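Source file: query-v8.csv. Holds: CSV, C-alpha atoms and all ligand atoms.
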chain,number,residue,atom,x,y,z
A,3,MET,CA,0.0,0.0,0.0
A,4,VAL,CA,2.7,2.4,1.1
A,5,LYS,CA,4.8,1.4,-1.9
A,6,ILE,CA,2.0,2.2,-4.3
A,7,SER,CA,1.1,5.4,-2.6
A,8,LEU,CA,4.8,6.4,-2.8
A,9,LYS,CA,4.8,5.9,-6.5
A,10,THR,CA,1.6,7.9,-7.0
A,11,LEU,CA,2.9,10.5,-4.7
A,12,LYS,CA,6.1,10.8,-6.6
A,13,ASN,CA,4.3,11.3,-9.9
A,14,ARG,CA,1.8,13.7,-8.4
A,15,ALA,CA,4.5,15.8,-6.8
A,16,LYS,CA,6.6,15.7,-9.9
A,17,LYS,CA,3.7,17.0,-12.0
A,18,GLU,CA,2.9,19.7,-9.5
A,19,ILE,CA,6.5,20.9,-9.4
A,20,GLU,CA,6.6,21.0,-13.1
A,21,LYS,CA,3.4,23.1,-13.3
A,22,ALA,CA,4.6,25.6,-10.6
A,23,LYS,CA,5.0,29.1,-12.1
A,24,ASP,CA,6.4,31.0,-9.2
A,25,LEU,CA,8.4,30.5,-6.0
A,26,LYS,CA,5.3,31.0,-3.8
A,27,ARG,CA,3.5,28.1,-5.4
A,28,LEU,CA,6.7,26.0,-5.3
A,29,ASN,CA,7.0,26.7,-1.6
A,30,GLU,CA,3.4,25.6,-1.1
A,31,ILE,CA,4.1,22.3,-2.9
A,32,PHE,CA,7.3,21.8,-0.9
A,33,ASN,CA,5.3,22.2,2.3
A,34,LYS,CA,2.6,19.9,1.0
A,35,TYR,CA,5.0,17.0,0.7
A,36,LEU,CA,8.1,17.8,2.7
A,37,GLY,CA,6.9,20.3,5.3
A,38,LYS,CA,6.4,19.4,9.0
A,39,LYS,CA,2.9,18.0,8.2
A,40,GLY,CA,3.8,17.1,4.6
A,41,GLU,CA,2.6,13.9,3.0
A,42,LEU,CA,6.0,12.4,2.6
A,43,THR,CA,7.1,13.5,6.1
A,44,LYS,CA,4.1,11.7,7.5
A,45,ILE,CA,5.1,8.5,5.7
A,46,LEU,CA,8.6,8.8,6.9
A,47,ARG,CA,7.4,9.2,10.5
A,48,SER,CA,5.1,6.3,10.3
A,49,LEU,CA,7.9,4.0,9.2
A,50,GLU,CA,8.8,3.0,12.8
A,51,LYS,CA,5.4,1.4,13.1
A,52,LEU,CA,6.3,-1.1,10.3
A,53,PRO,CA,8.0,-4.4,10.8
A,54,LYS,CA,11.8,-4.2,10.4
A,55,THR,CA,12.1,-5.7,6.9
A,56,LYS,CA,9.3,-3.7,5.5
A,57,ARG,CA,10.5,-0.6,7.2
A,58,MET,CA,13.9,-0.9,5.6
A,59,LYS,CA,12.5,-1.5,2.1
A,60,VAL,CA,9.9,1.3,2.3
A,61,GLY,CA,12.3,3.5,4.2
A,62,LYS,CA,14.8,3.3,1.4
A,63,THR,CA,12.3,4.2,-1.3
A,64,ALA,CA,10.8,7.0,0.8
A,65,ASN,CA,14.2,8.5,1.5
A,66,GLU,CA,15.1,8.2,-2.2
A,67,LEU,CA,11.9,9.9,-3.0
A,68,LYS,CA,12.6,12.6,-0.4
A,69,ASN,CA,16.0,13.3,-2.0
A,70,PHE,CA,14.5,13.1,-5.5
A,71,LEU,CA,11.9,15.7,-4.6
A,72,LYS,CA,14.4,18.0,-2.9
A,73,THR,CA,16.5,17.9,-6.1
A,74,GLU,CA,13.5,18.6,-8.2
A,75,PHE,CA,12.5,21.5,-6.0
A,76,GLU,CA,16.0,22.9,-6.2
A,77,LYS,CA,16.1,22.6,-10.0
A,78,LYS,CA,12.7,24.2,-10.3
A,79,THR,CA,13.7,27.0,-8.0
A,80,GLN,CA,16.7,27.8,-10.2
A,81,VAL,CA,14.5,27.8,-13.3
A,82,ILE,CA,12.0,30.2,-11.8
A,83,LYS,CA,14.7,32.5,-10.4
A,84,LYS,CA,16.4,32.6,-13.8
A,85,LYS,CA,13.1,33.5,-15.4
A,86,ILE,CA,12.4,36.3,-12.8
A,87,GLY,CA,15.9,37.6,-13.3
A,88,LYS,CA,15.5,37.7,-17.1
A,89,ALA,CA,12.1,39.6,-16.7
A,90,THR,CA,13.6,42.2,-14.4
A,91,GLU,CA,16.6,42.5,-16.7
A,92,GLU,CA,14.3,43.2,-19.6
A,93,VAL,CA,12.4,45.8,-17.6
A,94,GLU,CA,15.4,47.5,-16.2
A,95,TRP,CA,17.7,47.0,-19.0
A,96,LEU,CA,19.4,50.2,-20.2
A,97,ASP,CA,21.1,50.6,-23.5
A,98,ILE,CA,23.8,53.1,-22.6
A,99,THR,CA,24.8,53.3,-26.3
A,100,ALA,CA,21.3,54.4,-27.5
A,101,PRO,CA,21.1,58.0,-28.6
A,102,GLY,CA,19.4,60.1,-25.9
A,103,LYS,CA,15.8,61.2,-26.2
A,104,LYS,CA,15.7,65.0,-26.4
A,105,PRO,CA,13.3,66.5,-23.8
A,106,LEU,CA,10.7,68.7,-25.4
A,107,ILE,CA,11.5,72.2,-24.3
A,108,GLY,CA,9.3,75.1,-25.3
A,109,SER,CA,10.6,78.5,-26.4
A,110,LEU,CA,9.3,82.0,-25.8
A,111,HIS,CA,7.0,83.5,-28.4
A,112,PRO,CA,8.7,86.1,-30.6
A,113,LEU,CA,6.3,88.7,-29.2
A,114,THR,CA,7.2,87.8,-25.7
A,115,LEU,CA,10.9,88.1,-26.6
A,116,VAL,CA,10.4,91.5,-28.2
A,117,LYS,CA,8.3,92.7,-25.3
A,118,ARG,CA,10.9,91.7,-22.8
A,119,LYS,CA,13.7,93.2,-24.8
A,120,ILE,CA,11.8,96.5,-25.0
A,121,GLU,CA,11.0,96.5,-21.3
A,122,GLU,CA,14.6,95.8,-20.5
A,123,ILE,CA,15.9,98.7,-22.7
A,124,PHE,CA,13.5,101.2,-21.2
A,125,GLN,CA,13.9,100.1,-17.7
A,126,SER,CA,17.6,100.7,-18.0
A,127,MET,CA,16.8,104.2,-19.0
A,128,GLY,CA,14.7,104.8,-15.9
A,129,PHE,CA,11.2,103.9,-17.2
A,130,SER,CA,8.8,101.9,-15.1
A,131,VAL,CA,6.6,99.2,-16.7
A,132,VAL,CA,2.9,100.0,-16.1
A,133,GLU,CA,-0.2,98.1,-17.1
A,134,GLY,CA,-3.8,99.1,-17.5
A,135,PRO,CA,-7.2,97.5,-18.1
A,136,GLU,CA,-8.0,96.0,-21.5
A,137,MET,CA,-11.7,96.7,-20.9
A,138,GLU,CA,-12.0,100.4,-20.8
A,139,ASN,CA,-14.6,103.1,-20.7
A,140,GLU,CA,-15.2,105.8,-23.3
A,141,TRP,CA,-13.9,108.5,-21.0
A,142,TYR,CA,-10.4,107.1,-20.7
A,143,ASN,CA,-10.2,105.6,-24.2
A,144,PHE,CA,-11.5,108.7,-26.0
A,145,ASP,CA,-12.7,111.8,-24.1
A,146,ALA,CA,-9.8,112.1,-21.7
A,147,LEU,CA,-7.4,111.8,-24.6
A,148,ASN,CA,-9.0,114.7,-26.4
A,149,ILE,CA,-10.8,112.5,-28.9
A,150,PRO,CA,-14.1,114.3,-29.5
A,151,LYS,CA,-17.4,112.6,-29.9
A,152,GLU,CA,-17.5,112.9,-33.7
A,153,HIS,CA,-14.0,111.5,-34.2
A,154,PRO,CA,-14.0,108.5,-36.7
A,155,ALA,CA,-12.1,106.4,-34.3
A,156,ARG,CA,-15.2,106.2,-32.2
A,157,ASP,CA,-17.1,104.7,-35.0
A,158,ARG,CA,-18.4,101.2,-34.4
A,159,TRP,CA,-16.3,99.9,-37.3
A,160,ASP,CA,-13.1,100.6,-35.4
A,161,THR,CA,-14.1,99.9,-31.8
A,162,PHE,CA,-15.4,96.8,-30.1
A,163,TYR,CA,-18.2,98.1,-27.9
A,164,LEU,CA,-19.3,95.7,-25.1
A,165,LYS,CA,-22.8,95.0,-23.9
A,166,ASN,CA,-21.9,96.3,-20.4
A,167,GLY,CA,-21.4,99.8,-21.9
A,168,LEU,CA,-17.6,99.5,-21.9
A,169,LEU,CA,-15.3,98.8,-24.8
A,170,LEU,CA,-12.1,97.0,-25.6
A,171,ARG,CA,-9.4,99.6,-25.6
A,172,THR,CA,-8.2,100.6,-29.0
A,173,HIS,CA,-4.8,101.8,-27.8
A,174,THR,CA,-2.7,101.8,-24.6
A,175,SER,CA,-2.9,105.6,-24.3
A,176,PRO,CA,-5.7,105.6,-21.7
A,177,VAL,CA,-3.1,104.4,-19.2
A,178,GLN,CA,-1.4,107.8,-19.7
A,179,VAL,CA,-4.4,109.5,-18.0
A,180,ARG,CA,-4.9,106.7,-15.5
A,181,TYR,CA,-1.3,106.9,-14.4
A,182,MET,CA,-1.1,110.7,-14.3
A,183,GLU,CA,-4.2,110.9,-12.2
A,184,LYS,CA,-2.5,108.9,-9.4
A,185,ASN,CA,1.2,109.8,-9.9
A,186,ASN,CA,2.7,113.2,-9.8
A,187,PRO,CA,5.4,114.0,-12.4
A,188,PRO,CA,8.3,113.8,-13.1
A,189,LEU,CA,7.5,110.4,-14.5
A,190,ARG,CA,8.7,107.9,-17.1
A,191,ILE,CA,6.6,104.9,-18.0
A,192,ILE,CA,6.1,102.4,-20.7
A,193,VAL,CA,2.8,100.6,-21.1
A,194,PRO,CA,2.9,97.3,-22.9
A,195,GLY,CA,-0.5,95.8,-23.6
A,196,THR,CA,-3.0,94.3,-26.0
A,197,VAL,CA,-5.3,96.6,-28.0
A,198,PHE,CA,-8.2,95.8,-30.2
A,199,ARG,CA,-9.4,97.2,-33.4
A,200,HIS,CA,-12.5,96.2,-35.3
A,201,GLU,CA,-10.9,95.6,-38.7
A,202,ALA,CA,-10.4,93.0,-41.3
A,203,THR,CA,-7.2,90.9,-41.0
A,204,ASP,CA,-4.6,90.8,-43.7
A,205,ALA,CA,-0.8,90.4,-43.9
A,206,SER,CA,-0.2,93.7,-41.9
A,207,HIS,CA,-3.5,94.0,-39.9
A,208,GLU,CA,-4.8,92.1,-37.0
A,209,PHE,CA,-7.9,92.9,-34.9
A,210,GLN,CA,-5.8,92.3,-31.8
A,211,HIS,CA,-2.3,93.4,-31.3
A,212,TYR,CA,0.3,94.6,-28.9
A,213,GLN,CA,1.2,98.2,-28.3
A,214,ILE,CA,4.0,99.8,-26.2
A,215,GLU,CA,3.0,103.2,-25.0
A,216,GLY,CA,5.7,105.5,-23.7
A,217,LEU,CA,5.2,108.6,-21.6
A,218,MET,CA,7.7,111.0,-20.1
A,219,VAL,CA,6.6,114.1,-18.2
A,220,ASP,CA,8.9,116.6,-16.5
A,221,LYS,CA,9.3,120.3,-15.8
A,222,LYS,CA,11.3,120.7,-19.0
A,223,ASN,CA,10.9,118.0,-21.6
A,224,SER,CA,11.1,118.4,-25.3
A,225,VAL,CA,11.1,116.7,-28.7
A,226,ALA,CA,14.9,116.6,-28.3
A,227,ASN,CA,14.5,114.3,-25.3
A,228,LEU,CA,12.0,112.2,-27.3
A,229,LYS,CA,14.5,111.9,-30.1
A,230,ALA,CA,17.4,111.0,-27.8
A,231,ILE,CA,15.4,108.3,-26.0
A,232,VAL,CA,13.9,106.8,-29.2
A,233,GLY,CA,17.2,106.9,-30.9
A,234,GLU,CA,18.9,105.0,-28.1
A,235,PHE,CA,16.0,102.6,-28.1
A,236,PHE,CA,16.4,101.8,-31.8
A,237,ARG,CA,20.1,101.4,-31.5
A,238,ARG,CA,19.8,98.8,-28.7
A,239,PHE,CA,16.7,97.1,-30.1
A,240,PHE,CA,18.0,96.5,-33.6
A,241,GLU,CA,21.6,96.2,-32.3
A,242,LYS,CA,22.9,98.6,-34.9
A,243,ASN,CA,22.7,102.3,-35.8
A,244,VAL,CA,19.4,103.0,-37.3
A,245,GLU,CA,18.5,106.3,-38.9
A,246,PHE,CA,15.1,107.6,-38.0
A,247,ARG,CA,13.0,110.7,-38.7
A,248,LEU,CA,10.0,112.5,-37.3
A,249,LYS,CA,7.4,113.4,-39.8
A,250,PRO,CA,4.5,115.7,-38.9
A,251,ASP,CA,1.3,113.9,-38.3
A,252,TYR,CA,-2.0,114.4,-36.4
A,253,PHE,CA,-3.2,112.7,-33.2
A,254,PRO,CA,-5.8,114.3,-31.0
A,255,PHE,CA,-3.9,113.6,-27.8
A,256,THR,CA,-0.5,115.2,-28.8
A,257,GLU,CA,0.5,118.6,-30.2
A,258,PRO,CA,2.7,118.7,-32.2
A,259,SER,CA,2.4,115.1,-33.4
A,260,PHE,CA,4.8,112.9,-35.4
A,261,ASP,CA,5.1,109.7,-37.2
A,262,ILE,CA,8.4,108.0,-36.3
A,263,GLY,CA,10.0,106.3,-39.3
A,264,ILE,CA,13.3,104.3,-39.5
A,265,SER,CA,15.5,103.9,-42.5
A,266,CYS,CA,14.4,100.7,-44.2
A,267,LEU,CA,16.1,97.7,-42.7
A,268,VAL,CA,15.9,95.8,-46.0
A,269,CYS,CA,17.5,98.3,-48.3
A,270,ASN,CA,19.1,100.6,-45.9
A,271,GLY,CA,17.2,103.6,-47.2
A,272,LYS,CA,17.8,103.1,-50.9
A,273,GLY,CA,14.2,102.1,-51.7
A,274,CYS,CA,12.7,98.7,-52.1
A,275,PRO,CA,9.3,97.0,-52.3
A,276,ALA,CA,9.3,96.5,-48.4
A,277,CYS,CA,9.4,100.3,-47.9
A,278,LYS,CA,7.4,101.0,-51.1
A,279,GLY,CA,10.5,102.7,-52.6
A,280,SER,CA,10.6,105.4,-50.0
A,281,GLY,CA,13.5,104.1,-48.0
A,282,TRP,CA,11.6,104.7,-44.7
A,283,MET,CA,9.4,102.5,-42.5
A,284,GLU,CA,6.8,104.0,-40.1
A,285,VAL,CA,7.1,102.3,-36.7
A,286,ALA,CA,5.4,104.6,-34.2
A,287,GLY,CA,3.2,107.6,-33.6
A,288,ALA,CA,4.4,110.2,-31.1
A,289,GLY,CA,4.2,113.8,-30.0
A,290,MET,CA,4.1,116.3,-27.1
A,291,VAL,CA,1.3,115.6,-24.6
A,292,HIS,CA,-1.7,117.8,-25.4
A,293,PRO,CA,-2.6,120.3,-22.7
A,294,ASN,CA,-6.2,118.9,-22.6
A,295,VAL,CA,-4.8,115.5,-21.7
A,296,PHE,CA,-2.9,117.1,-18.8
A,297,LYS,CA,-6.0,118.9,-17.7
A,298,ASN,CA,-8.1,115.7,-17.9
A,299,SER,CA,-5.4,114.0,-15.8
A,300,LYS,CA,-5.8,116.7,-13.1
A,301,LEU,CA,-2.4,118.3,-13.9
A,302,ILE,CA,-1.9,122.0,-14.7
A,303,PRO,CA,-0.7,122.1,-18.3
A,304,LYS,CA,1.6,125.1,-17.9
A,305,ASP,CA,3.5,123.3,-15.2
A,306,TRP,CA,4.5,120.3,-17.2
A,307,GLN,CA,5.9,119.2,-20.5
A,308,GLY,CA,5.7,115.7,-21.7
A,309,TRP,CA,5.9,113.4,-24.7
A,310,ALA,CA,4.3,110.2,-25.6
A,311,PHE,CA,4.8,107.5,-28.2
A,312,GLY,CA,3.0,104.3,-29.3
A,313,PHE,CA,4.9,101.5,-30.9
A,314,GLY,CA,3.2,98.5,-32.5
A,315,LEU,CA,5.0,95.5,-31.0
A,316,GLU,CA,4.2,93.2,-33.9
A,317,ARG,CA,5.6,95.7,-36.3
A,318,LEU,CA,8.9,95.9,-34.4
A,319,ALA,CA,9.1,92.1,-34.2
A,320,MET,CA,8.5,91.8,-37.9
A,321,LEU,CA,11.3,94.3,-38.6
A,322,LYS,CA,13.7,92.7,-36.1
A,323,TYR,CA,13.1,89.1,-37.3
A,324,LYS,CA,12.1,89.8,-40.9
A,325,ILE,CA,8.6,88.3,-40.6
A,326,ASN,CA,6.4,89.2,-43.6
A,327,ASP,CA,2.9,88.3,-42.3
A,328,ILE,CA,1.5,89.6,-39.0
A,329,ARG,CA,-1.0,86.7,-38.8
A,330,LEU,CA,1.9,84.2,-38.2
A,331,PHE,CA,2.2,85.5,-34.6
A,332,ARG,CA,-1.2,84.1,-33.5
A,333,SER,CA,-1.4,81.2,-36.0
A,334,GLY,CA,-0.1,78.7,-33.5
A,335,ASP,CA,2.1,77.2,-36.3
A,336,LEU,CA,4.9,75.3,-34.7
A,337,ARG,CA,7.1,75.6,-37.8
A,338,PHE,CA,7.0,79.4,-37.2
A,339,LEU,CA,7.3,79.3,-33.4
A,340,LYS,CA,10.2,76.8,-33.3
A,341,GLN,CA,12.5,79.3,-35.0
A,342,PHE,CA,12.7,81.4,-31.9
A,401,ZN,ZN,13.5,99.4,-48.3
Could you spell out this file's structure in structure tokens?
Ligand SMILES: [Zn+2]
Amino acid sequence: MVKISLKTLKNRAKKEIEKAKDLKRLNEIFNKYLGKKGELTKILRSLEKLPKTKRMKVGKTANELKNFLKTEFEKKTQVIKKKIGKATEEVEWLDITAPGKKPLIGSLHPLTLVKRKIEEIFQSMGFSVVEGPEMENEWYNFDALNIPKEHPARDRWDTFYLKNGLLLRTHTSPVQVRYMEKNNPPLRIIVPGTVFRHEATDASHEFQHYQIEGLMVDKKNSVANLKAIVGEFFRRFFEKNVEFRLKPDYFPFTEPSFDIGISCLVCNGKGCPACKGSGWMEVAGAGMVHPNVFKNSKLIPKDWQGWAFGFGLERLAMLKYKINDIRLFRSGDLRFLKQF
């Protein structure tokens, strides 16, 4: 009986060991047969109850089986351990010769680069960077800046009027008044910010763009100061000597008013399609602060002299980086953005 059961036990155990997939299961099988209460252990313990001759015979077989199973367990353990090792190796394996994966690093938008550069230049000349609301009222956007009711700029075609009675500012100039109301001159500020115009978009027009307003007010401040500051700005911004000129123009909030033009960066003033053959490119509007603007800012006009300018940020970026279409800035085209 015992002999038969030893043979079946051997086959059963052998099969179970073969099937075992991990060390935990193998340990369970080991305990099942060779543990303290294991099947084979029990048989070995019961040997003493057998008559001597039988005991020797069965004992021999049982011990052989015990050794056989131990070897089997040992073998199987090695097989499983090897498998585990291989799997971990596969997971943790590192090919130190493989070319590295480049982490995706974003870059700053050209308008941000230009804005920061401009701020840096003016800050080094003692100007503070000031911001104002994009949602503005008619008083600050128009009336305070000496833009009368009948002025075409107030037409609905040019301005986005909002349902709450406010409007999207059409320029950064309202911040001039807002700032002068709260701060006494002398003052030097630049105001970078988004402005909105109700107009059709094309290669050189967007309904939304950035402007940089500049304002300097002091006891004695003239067009000569304006020219000095603007000239220094151009030189540092374009990193070369740029010729520029002031051409008479009209703005309601400055008197006298100018258009600031720089010598064409493409042809150096000789005349080319980019500058329509004139050799000049208009980049800003400027002028001496109108007495009415001082008055509306609660300052006494005869006490103060000031000038202001307004640059289009996109325009400056286009000139600096030789970009030919303003719509590229907000197109989200990575081929364009990755160049910066
Ligand atoms: Zn030109």
Kindly provide, as a list in words, all nucleotide and amino acid residues lying within 8 Å of ligand ZN 401 (chain A), counting all atoms listed in the file. Ser265, Cys266, Leu267, Val268, Cys269, Asn270, Gly271, Lys272, Gly273, Cys274, Pro275, Ala276, Cys277, Lys278, Gly279, Ser280, Gly281, Trp282 and Met283 of chain A
Using all atoms listed in the file, the best pick from A:Tyr35, A:Phe236, A:Trp306, A:Phe144 as closest to Leu318 of chain A would be A:Phe236
Leaving out Phe198 of chain A and any residue of its chain fewer than 4 positions from it, which residues lie within 7 Å of it when counting only C-alpha atoms, given as an NGL selection string? :A and (170-172 or 209-211)
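Atom pair atom CA of Thr203 of chain A / atom CA of Lys151 of chain A: separated by 26.4 Å.
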Using only C-alpha atoms, which protein or nucleic acid residues come within 8 Å of Leu49 of chain A? Drop anything in the same chain fewer than 3 positions from it, and give the result as a VMD selection string. chain A and resid 45 to 46 52 57 60 to 61
Here is a test: counting all atoms listed in the file, which residue of A:Leu113, A:Val244, A:Met58, A:Ala202 is nearest to Arg332 of chain A? A:Leu113
Could you complete segment 11-25 of chain A so that it carries N, CA and C atoms, and give it back as a compact mmCIF listing (two decimals), in the coordinates of the input?
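Saved to result.txt:
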# COMPACT_ATOMS: atom_id res chain seq x y z
N LEU A 11 2.47 9.23 -5.28
CA LEU A 11 2.90 10.50 -4.70
C LEU A 11 4.03 11.14 -5.45
N LYS A 12 4.96 10.29 -5.88
CA LYS A 12 6.10 10.80 -6.60
C LYS A 12 5.62 11.46 -7.95
N ASN A 13 4.75 10.74 -8.65
CA ASN A 13 4.30 11.30 -9.90
C ASN A 13 3.46 12.57 -9.74
N ARG A 14 2.63 12.55 -8.73
CA ARG A 14 1.80 13.70 -8.40
C ARG A 14 2.67 14.93 -8.11
N ALA A 15 3.61 14.69 -7.19
CA ALA A 15 4.50 15.80 -6.80
C ALA A 15 5.31 16.30 -7.97
N LYS A 16 5.82 15.36 -8.76
CA LYS A 16 6.60 15.70 -9.90
C LYS A 16 5.84 16.66 -10.87
N LYS A 17 4.58 16.26 -11.12
CA LYS A 17 3.70 17.00 -12.00
C LYS A 17 3.46 18.43 -11.45
N GLU A 18 3.18 18.45 -10.15
CA GLU A 18 2.90 19.70 -9.50
C GLU A 18 4.10 20.68 -9.55
N ILE A 19 5.27 20.08 -9.32
CA ILE A 19 6.50 20.90 -9.40
C ILE A 19 6.69 21.47 -10.77
N GLU A 20 6.46 20.61 -11.75
CA GLU A 20 6.60 21.00 -13.10
C GLU A 20 5.68 22.22 -13.46
N LYS A 21 4.45 22.12 -12.96
CA LYS A 21 3.40 23.10 -13.30
C LYS A 21 3.68 24.48 -12.53
N ALA A 22 4.38 24.40 -11.41
CA ALA A 22 4.60 25.60 -10.60
C ALA A 22 5.15 26.76 -11.41
N LYS A 23 4.53 27.94 -11.29
CA LYS A 23 5.00 29.10 -12.10
C LYS A 23 5.81 30.07 -11.31
N ASP A 24 5.63 30.06 -9.98
CA ASP A 24 6.40 31.00 -9.20
C ASP A 24 6.91 30.36 -7.88
N LEU A 25 7.77 31.08 -7.20
CA LEU A 25 8.40 30.50 -6.00
C LEU A 25 7.37 30.32 -4.87
